[in-house]
file final23.txt (compact mmCIF, C-alpha atoms)
# COMPACT_ATOMS: atom_id res chain seq x y z
CA MET A 1 197.59 110.42 89.94
CA ASN A 2 194.06 110.93 91.19
CA VAL A 3 193.77 109.45 94.68
CA PHE A 4 189.95 109.67 94.48
CA ALA A 5 189.66 107.77 91.19
CA GLY A 6 188.96 104.46 92.89
CA ILE A 7 186.28 105.80 95.22
CA GLN A 8 182.74 104.84 94.25
CA PHE A 9 179.69 106.46 95.83
CA SER A 10 176.34 104.77 96.00
CA GLU A 11 173.13 106.74 95.66
CA THR A 12 172.69 106.54 99.43
CA ASP A 13 176.21 107.93 99.97
CA LYS A 14 175.55 110.78 97.57
CA LYS A 15 172.32 111.69 99.37
CA ALA A 16 174.13 111.51 102.70
CA LEU A 17 176.86 113.90 101.53
CA ILE A 18 174.30 116.36 100.13
CA ILE A 19 172.35 116.33 103.39
CA LEU A 20 175.57 116.77 105.37
CA LEU A 21 176.50 119.78 103.22
CA ILE A 22 173.06 121.36 103.73
CA LEU A 23 173.27 120.81 107.49
CA LEU A 24 176.74 122.39 107.61
CA VAL A 25 175.44 125.46 105.75
CA ILE A 26 172.52 125.76 108.17
CA VAL A 27 174.84 125.45 111.19
CA ILE A 28 177.20 128.09 109.77
CA LEU A 29 174.29 130.47 109.16
CA ILE A 30 172.96 130.00 112.69
CA ILE A 31 176.42 130.57 114.20
CA GLY A 32 176.82 133.65 112.02
CA LEU A 33 173.49 135.11 113.14
CA ILE A 34 174.35 134.46 116.79
CA GLY A 35 177.73 136.12 116.26
CA VAL A 36 176.10 139.19 114.70
CA ALA A 37 173.68 139.47 117.62
CA VAL A 38 176.47 139.11 120.19
CA ARG A 39 178.61 141.69 118.40
CA ALA A 40 175.71 144.16 118.23
CA THR A 41 175.10 143.75 121.97
CA MET A 42 178.80 144.20 122.74
CA HIS A 43 178.92 147.37 120.64
CA TYR A 44 175.80 148.85 122.24
CA GLN A 45 176.96 148.09 125.78
CA ALA A 46 180.42 149.52 125.06
CA LYS A 47 178.75 152.80 124.07
CA ARG A 48 176.65 152.56 127.23
CA ALA A 49 179.81 152.21 129.33
CA ASP A 50 181.27 155.25 127.56
CA ALA A 51 178.16 157.26 128.45
CA MET A 52 178.42 156.13 132.08
CA MET A 53 182.02 157.29 132.40
CA HIS A 54 182.11 160.29 130.09
CA ASP A 55 181.34 163.10 132.53
CA VAL A 56 183.64 161.97 135.37
CA ALA A 57 186.51 161.45 132.92
CA VAL A 58 186.10 164.71 130.98
CA THR A 59 185.70 166.84 134.11
CA ARG A 60 188.74 165.13 135.72
CA VAL A 61 186.69 164.04 138.73
CA ILE A 62 188.53 160.74 138.28
CA ASP A 63 192.12 161.05 137.18
CA ASN A 64 193.69 157.60 137.60
CA PRO A 65 193.03 154.08 136.25
CA LYS A 66 192.26 152.47 139.61
CA SER A 67 189.57 154.98 140.55
CA PHE A 68 188.18 154.81 137.02
CA ARG A 69 187.78 151.04 137.21
CA ARG A 70 186.29 151.15 140.71
CA PHE A 71 183.75 153.81 139.81
CA GLY A 72 182.95 152.19 136.45
CA LEU A 73 182.32 148.77 137.98
CA LYS A 74 180.13 150.34 140.66
CA LYS A 75 177.97 152.00 138.00
CA SER A 76 177.92 148.84 135.91
CA ASN A 77 176.83 146.77 138.92
CA ARG A 78 173.97 149.17 139.51
CA ALA A 79 172.99 148.88 135.85
CA LEU A 80 173.08 145.07 136.19
CA PHE A 81 170.75 145.29 139.19
CA ARG A 82 168.32 147.59 137.39
CA ASP A 83 168.35 145.48 134.24
CA SER A 84 167.75 142.29 136.25
CA LEU A 85 164.70 143.57 138.13
CA LEU A 86 162.15 143.06 135.36
CA PRO A 87 163.17 139.50 134.35
CA PHE A 88 163.16 138.45 138.01
CA VAL A 89 159.69 139.94 138.44
CA VAL A 90 158.57 137.94 135.39
CA LEU A 91 160.20 134.83 136.86
CA ALA A 92 158.43 135.31 140.19
CA ALA A 93 155.09 135.77 138.41
CA THR A 94 155.75 132.62 136.37
CA ILE A 95 156.52 130.57 139.48
CA LEU A 96 153.38 131.93 141.15
CA LEU A 97 151.32 130.90 138.11
CA TRP A 98 152.84 127.40 138.22
CA VAL A 99 152.04 127.06 141.95
CA ILE A 100 148.43 128.21 141.51
CA TRP A 101 147.99 125.81 138.58
CA ASN A 102 149.33 122.88 140.59
CA LEU A 103 147.03 123.69 143.50
CA PHE A 104 144.17 122.79 141.17
CA VAL A 105 145.62 119.98 139.03
CA GLU A 106 148.20 118.58 141.50
CA ARG A 107 150.88 117.77 138.93
CA TRP A 108 153.81 118.82 141.09
CA GLY A 109 156.10 116.04 139.96
CA GLU A 110 155.79 116.73 136.23
CA SER A 111 158.20 118.96 134.36
CA VAL A 112 156.59 121.75 132.37
CA PHE A 113 159.28 121.22 129.72
CA SER A 114 158.34 117.55 129.37
CA ILE A 115 154.70 118.51 129.00
CA SER A 116 155.51 121.26 126.48
CA ASP A 117 157.59 118.83 124.44
CA GLU A 118 154.35 117.66 122.83
CA LEU A 119 154.10 121.01 121.02
CA PHE A 120 157.10 120.14 118.86
CA ILE A 121 157.83 117.64 116.13
CA HIS A 122 159.26 114.35 117.37
CA ILE A 123 161.88 112.77 115.13
CA LYS A 124 162.59 109.08 114.63
CA TRP A 125 166.30 108.82 115.44
CA ASP A 126 166.64 105.05 115.62
CA ASN A 127 167.84 103.31 112.46
CA SER A 128 165.64 100.35 113.29
CA GLN A 129 162.58 102.53 112.60
CA TYR A 130 163.58 102.81 108.92
CA PRO A 131 163.74 100.28 106.07
CA ALA A 132 167.03 98.42 105.73
CA ASP A 133 167.49 99.71 102.17
CA ASP A 134 166.74 103.32 103.20
CA PRO A 135 168.32 103.91 106.63
CA LEU A 136 168.56 107.19 108.47
CA PHE A 137 172.32 106.94 109.02
CA VAL A 138 175.04 105.46 106.83
CA ARG A 139 178.74 105.12 107.39
CA VAL A 140 180.91 107.19 105.04
CA PHE A 141 184.68 107.28 105.57
CA GLY A 142 184.15 105.71 108.98
CA ILE A 143 181.69 108.42 110.10
CA TYR A 144 177.95 107.96 110.55
CA ILE A 145 176.07 110.71 108.75
CA PHE A 146 172.48 111.32 107.63
CA ALA A 147 171.49 109.36 104.55
CA ARG A 148 168.02 110.87 104.30
CA TRP A 149 165.77 113.41 105.95
CA PRO A 150 164.44 112.01 109.21
CA GLU A 151 160.77 111.23 109.59
CA ALA A 152 158.46 112.71 112.22
CA VAL A 153 156.63 110.59 114.77
CA GLU A 154 152.91 110.47 114.05
CA GLY A 155 150.68 112.39 116.44
CA TYR A 156 153.12 115.25 117.05
CA PRO A 157 152.95 118.16 117.45
CA THR A 158 149.76 118.16 119.48
CA PHE A 159 147.98 120.73 121.61
CA LYS A 160 145.99 119.97 124.76
CA VAL A 161 143.92 122.66 126.42
CA GLU A 162 144.47 121.16 129.88
CA ASN A 163 148.22 121.74 129.46
CA LEU A 164 147.94 125.38 128.42
CA VAL A 165 149.35 126.75 131.69
CA ALA A 166 152.31 124.36 131.45
CA TYR A 167 153.01 125.64 127.94
CA ILE A 168 152.93 129.25 129.13
CA VAL A 169 155.16 128.54 132.15
CA ALA A 170 157.73 126.67 130.03
CA PHE A 171 157.78 129.47 127.46
CA MET A 172 158.26 132.12 130.14
CA TYR A 173 161.10 130.14 131.70
CA VAL A 174 162.90 130.10 128.35
CA VAL A 175 162.26 133.83 127.86
CA VAL A 176 163.68 134.66 131.31
CA ILE A 177 166.76 132.46 130.76
CA VAL A 178 167.56 134.06 127.40
CA TRP A 179 166.76 137.52 128.74
CA TYR A 180 169.09 137.15 131.71
CA ALA A 181 171.83 135.62 129.53
CA ILE A 182 171.72 138.77 127.38
CA ILE A 183 171.89 140.93 130.51
CA CYS A 184 174.96 139.01 131.72
CA GLN A 185 176.60 139.36 128.34
CA ALA A 186 175.91 143.10 128.48
CA TYR A 187 177.57 143.27 131.89
CA LEU A 188 180.67 141.50 130.54
CA ALA A 189 180.77 143.90 127.58
CA ARG A 190 180.74 146.90 129.92
CA PHE A 191 183.37 145.28 132.15
CA PHE A 192 185.81 144.77 129.28
CA ARG A 193 185.17 148.27 127.93
CA ILE A 194 185.81 149.87 131.31
CA GLU A 195 189.00 147.84 131.73
CA ARG A 196 190.23 148.91 128.31
CA LEU A 197 189.36 152.57 128.86
CA SER A 198 191.09 152.62 132.26
CA ARG A 199 194.33 151.67 130.51
CA SER A 200 194.01 153.76 127.36
CA ILE A 201 192.78 157.18 128.50
CA TYR A 202 195.35 157.55 131.28
CA GLU A 203 198.37 155.99 129.61
CA LYS A 204 201.45 158.11 128.93
CA SER A 205 202.95 157.60 125.51
CA LEU A 206 206.25 158.78 123.99
CA GLU A 207 205.07 157.99 120.48
CA GLY A 208 206.51 160.68 118.18
CA PHE A 209 208.53 162.36 120.94
CA LYS A 210 212.11 163.40 120.05
CA ALA A 211 214.44 163.87 122.99
CA GLN A 212 216.72 166.16 120.97
CA GLN A 213 213.99 168.48 119.73
CA GLU A 214 213.90 172.02 121.00
CA ILE A 215 211.48 172.80 123.78
CA ASN A 216 209.27 175.66 122.68
CA ILE A 217 206.57 176.46 125.20
CA VAL A 218 204.52 179.57 124.64
CA PRO A 219 202.13 180.49 127.47
CA ASP A 220 198.51 181.15 126.62
CA LYS A 221 198.70 184.56 128.33
CA PRO A 222 202.20 186.05 128.03
CA LEU A 223 203.40 187.97 131.04
CA PRO A 224 203.41 191.75 130.64
CA PRO A 225 206.84 193.34 130.10
CA SER A 226 208.52 194.44 133.26
CA GLU A 227 208.92 198.18 133.79
call {"tool": "encode", "arguments": {"input": "final23.txt", "output": "structure tokens"}}
result
Amino acid sequence: MNVFAGIQFSETDKKALIILLILLVIVILIIGLIGVAVRATMHYQAKRADAMMHDVAVTRVIDNPKSFRRFGLKKSNRALFRDSLLPFVVLAATILLWVIWNLFVERWGESVFSISDELFIHIKWDNSQYPADDPLFVRVFGIYIFARWPEAVEGYPTFKVENLVAYIVAFMYVVVIVWYAIICQAYLARFFRIERLSRSIYEKSLEGFKAQQEINIVPDKPLPPSE
């Protein structure tokens, strides 16, 4: 018995389901691209942590997990500080630019993000802005989903020369936020790698050891026969 035999879809419902499917594909692709970028950063920073700790581990300067973790975190903290210098310099320059701009235009109370919003397309999200026979949202299986592609508000995007500095400041804020988020993710990647290495390279394992096997130790330089 086909449980879906009695279900009838209108043209609006069909369009809504197609749009929903397209949006799901787009979301999955975006999540996949973000995942690839995060994985690439994790891999690169893990190799960076290996390079940081290689010499002290190979030369036995550090020979226990606790010292390995302490030294590794100290080097990683220094790397975090060095990596953070440039974005903070950019942030300071951006704030200075915003202050100088406001000294001339006196728009202290306005958000640069609100001003920069005019550079983007504005979407009509209210169903009342659409014809009753062609709404933006419809209810399918008790869930409101898109029934059509949304329309843009007329007059957007727009560019105003007097707001150019606000556009630049808002863009630089976003750049610094993303930049520092990547730096923090890199720090976490190194932290986890150092933690894992501190357990693996110093662990003692009995894998493959047989207690009953004969002990056969041959010295690298045999002692000379006694006279």
call {"tool": "closest_residue", "arguments": {"input": "final23.txt", "among": "A:Gly72, A:Met172, A:Met42, A:Ala166", "to": "Val56 of chain A", "atoms": "all atoms listed in the file"}}
result
A:Gly72
call {"tool": "residues_around", "arguments": {"input": "final23.txt", "residues": "Ile182 of chain A", "least_positions_apart": "4", "cutoff": "10 Å", "atoms": "all atoms listed in the file", "output": "list of chain:residue names"}}
result
A:Ala37, A:Val38, A:Thr41, A:Val176, A:Ile177, A:Val178, A:Ala186, A:Tyr187, A:Leu188
call {"tool": "residues_near_point", "arguments": {"input": "final23.txt", "point": "(158.5, 129.6, 131.3)", "cutoff": "7 Å", "atoms": "all atoms listed in the file", "output": "compact mmCIF listing (two decimals) with C-alpha atoms, keeping the file's coordinate frame"}}
result
# COMPACT_ATOMS: atom_id res chain seq x y z
CA THR A 94 155.75 132.62 136.37
CA ILE A 168 152.93 129.25 129.13
CA VAL A 169 155.16 128.54 132.15
CA ALA A 170 157.73 126.67 130.03
CA PHE A 171 157.78 129.47 127.46
CA MET A 172 158.26 132.12 130.14
CA TYR A 173 161.10 130.14 131.70
CA VAL A 174 162.90 130.10 128.35
CA VAL A 175 162.26 133.83 127.86
call {"tool": "closest_residue", "arguments": {"input": "final23.txt", "among": "A:Asn64, A:Thr59, A:Ser116, A:Asn127", "to": "Lys160 of chain A", "atoms": "only C-alpha atoms"}}
result
A:Ser116
call {"tool": "atom_distance", "arguments": {"input": "final23.txt", "atom1": "atom CA of Trp179 of chain A", "atom2": "atom CA of Leu80 of chain A"}}
result
12.3 Å
call {"tool": "residues_around", "arguments": {"input": "final23.txt", "residues": "Phe120 of chain A", "least_positions_apart": "4", "cutoff": "9 Å", "atoms": "only C-alpha atoms", "output": "PyMOL selection string"}}
result
chain A and resi 116+156-158
call {"tool": "atom_distance", "arguments": {"input": "final23.txt", "atom1": "atom CA of Ile95 of chain A", "atom2": "atom CA of Glu162 of chain A"}}
result
18.1 Å
call {"tool": "build_atoms", "arguments": {"input": "final23.txt", "residues": "segment 191-202 of chain A", "atoms": "N, CA, C and O atoms", "output": "PDB file, in the frame of the given file"}}
result
ATOM      1  N   PHE A 191     182.168 145.555 131.340  1.00  0.00           N
ATOM      2  CA  PHE A 191     183.370 145.280 132.150  1.00  0.00           C
ATOM      3  C   PHE A 191     184.635 145.388 131.297  1.00  0.00           C
ATOM      4  O   PHE A 191     185.598 146.063 131.676  1.00  0.00           O
ATOM      5  N   PHE A 192     184.631 144.731 130.145  1.00  0.00           N
ATOM      6  CA  PHE A 192     185.810 144.770 129.280  1.00  0.00           C
ATOM      7  C   PHE A 192     186.069 146.169 128.738  1.00  0.00           C
ATOM      8  O   PHE A 192     187.223 146.588 128.601  1.00  0.00           O
ATOM      9  N   ARG A 193     185.004 146.902 128.438  1.00  0.00           N
ATOM     10  CA  ARG A 193     185.170 148.270 127.930  1.00  0.00           C
ATOM     11  C   ARG A 193     185.761 149.171 129.005  1.00  0.00           C
ATOM     12  O   ARG A 193     186.663 149.974 128.723  1.00  0.00           O
ATOM     13  N   ILE A 194     185.286 149.054 130.215  1.00  0.00           N
ATOM     14  CA  ILE A 194     185.810 149.870 131.310  1.00  0.00           C
ATOM     15  C   ILE A 194     187.279 149.538 131.577  1.00  0.00           C
ATOM     16  O   ILE A 194     188.104 150.429 131.803  1.00  0.00           O
ATOM     17  N   GLU A 195     187.603 148.248 131.545  1.00  0.00           N
ATOM     18  CA  GLU A 195     189.000 147.840 131.730  1.00  0.00           C
ATOM     19  C   GLU A 195     189.892 148.431 130.654  1.00  0.00           C
ATOM     20  O   GLU A 195     190.985 148.929 130.922  1.00  0.00           O
ATOM     21  N   ARG A 196     189.430 148.390 129.411  1.00  0.00           N
ATOM     22  CA  ARG A 196     190.230 148.910 128.310  1.00  0.00           C
ATOM     23  C   ARG A 196     190.385 150.427 128.404  1.00  0.00           C
ATOM     24  O   ARG A 196     191.469 150.972 128.191  1.00  0.00           O
ATOM     25  N   LEU A 197     189.292 151.116 128.738  1.00  0.00           N
ATOM     26  CA  LEU A 197     189.360 152.570 128.860  1.00  0.00           C
ATOM     27  C   LEU A 197     190.278 152.994 130.006  1.00  0.00           C
ATOM     28  O   LEU A 197     191.000 153.995 129.899  1.00  0.00           O
ATOM     29  N   SER A 198     190.257 152.253 131.107  1.00  0.00           N
ATOM     30  CA  SER A 198     191.090 152.620 132.260  1.00  0.00           C
ATOM     31  C   SER A 198     192.572 152.567 131.906  1.00  0.00           C
ATOM     32  O   SER A 198     193.383 153.275 132.521  1.00  0.00           O
ATOM     33  N   ARG A 199     192.919 151.735 130.928  1.00  0.00           N
ATOM     34  CA  ARG A 199     194.330 151.670 130.510  1.00  0.00           C
ATOM     35  C   ARG A 199     194.660 152.696 129.433  1.00  0.00           C
ATOM     36  O   ARG A 199     195.757 153.244 129.413  1.00  0.00           O
ATOM     37  N   SER A 200     193.689 152.937 128.523  1.00  0.00           N
ATOM     38  CA  SER A 200     194.010 153.760 127.360  1.00  0.00           C
ATOM     39  C   SER A 200     193.944 155.263 127.635  1.00  0.00           C
ATOM     40  O   SER A 200     194.798 156.016 127.163  1.00  0.00           O
ATOM     41  N   ILE A 201     192.945 155.720 128.384  1.00  0.00           N
ATOM     42  CA  ILE A 201     192.780 157.180 128.500  1.00  0.00           C
ATOM     43  C   ILE A 201     193.752 157.804 129.495  1.00  0.00           C
ATOM     44  O   ILE A 201     193.922 159.020 129.496  1.00  0.00           O
ATOM     45  N   TYR A 202     194.395 156.999 130.324  1.00  0.00           N
ATOM     46  CA  TYR A 202     195.350 157.550 131.280  1.00  0.00           C
ATOM     47  C   TYR A 202     196.791 157.157 130.977  1.00  0.00           C
ATOM     48  O   TYR A 202     197.697 157.501 131.731  1.00  0.00           O
TER      49      TYR A 202
END
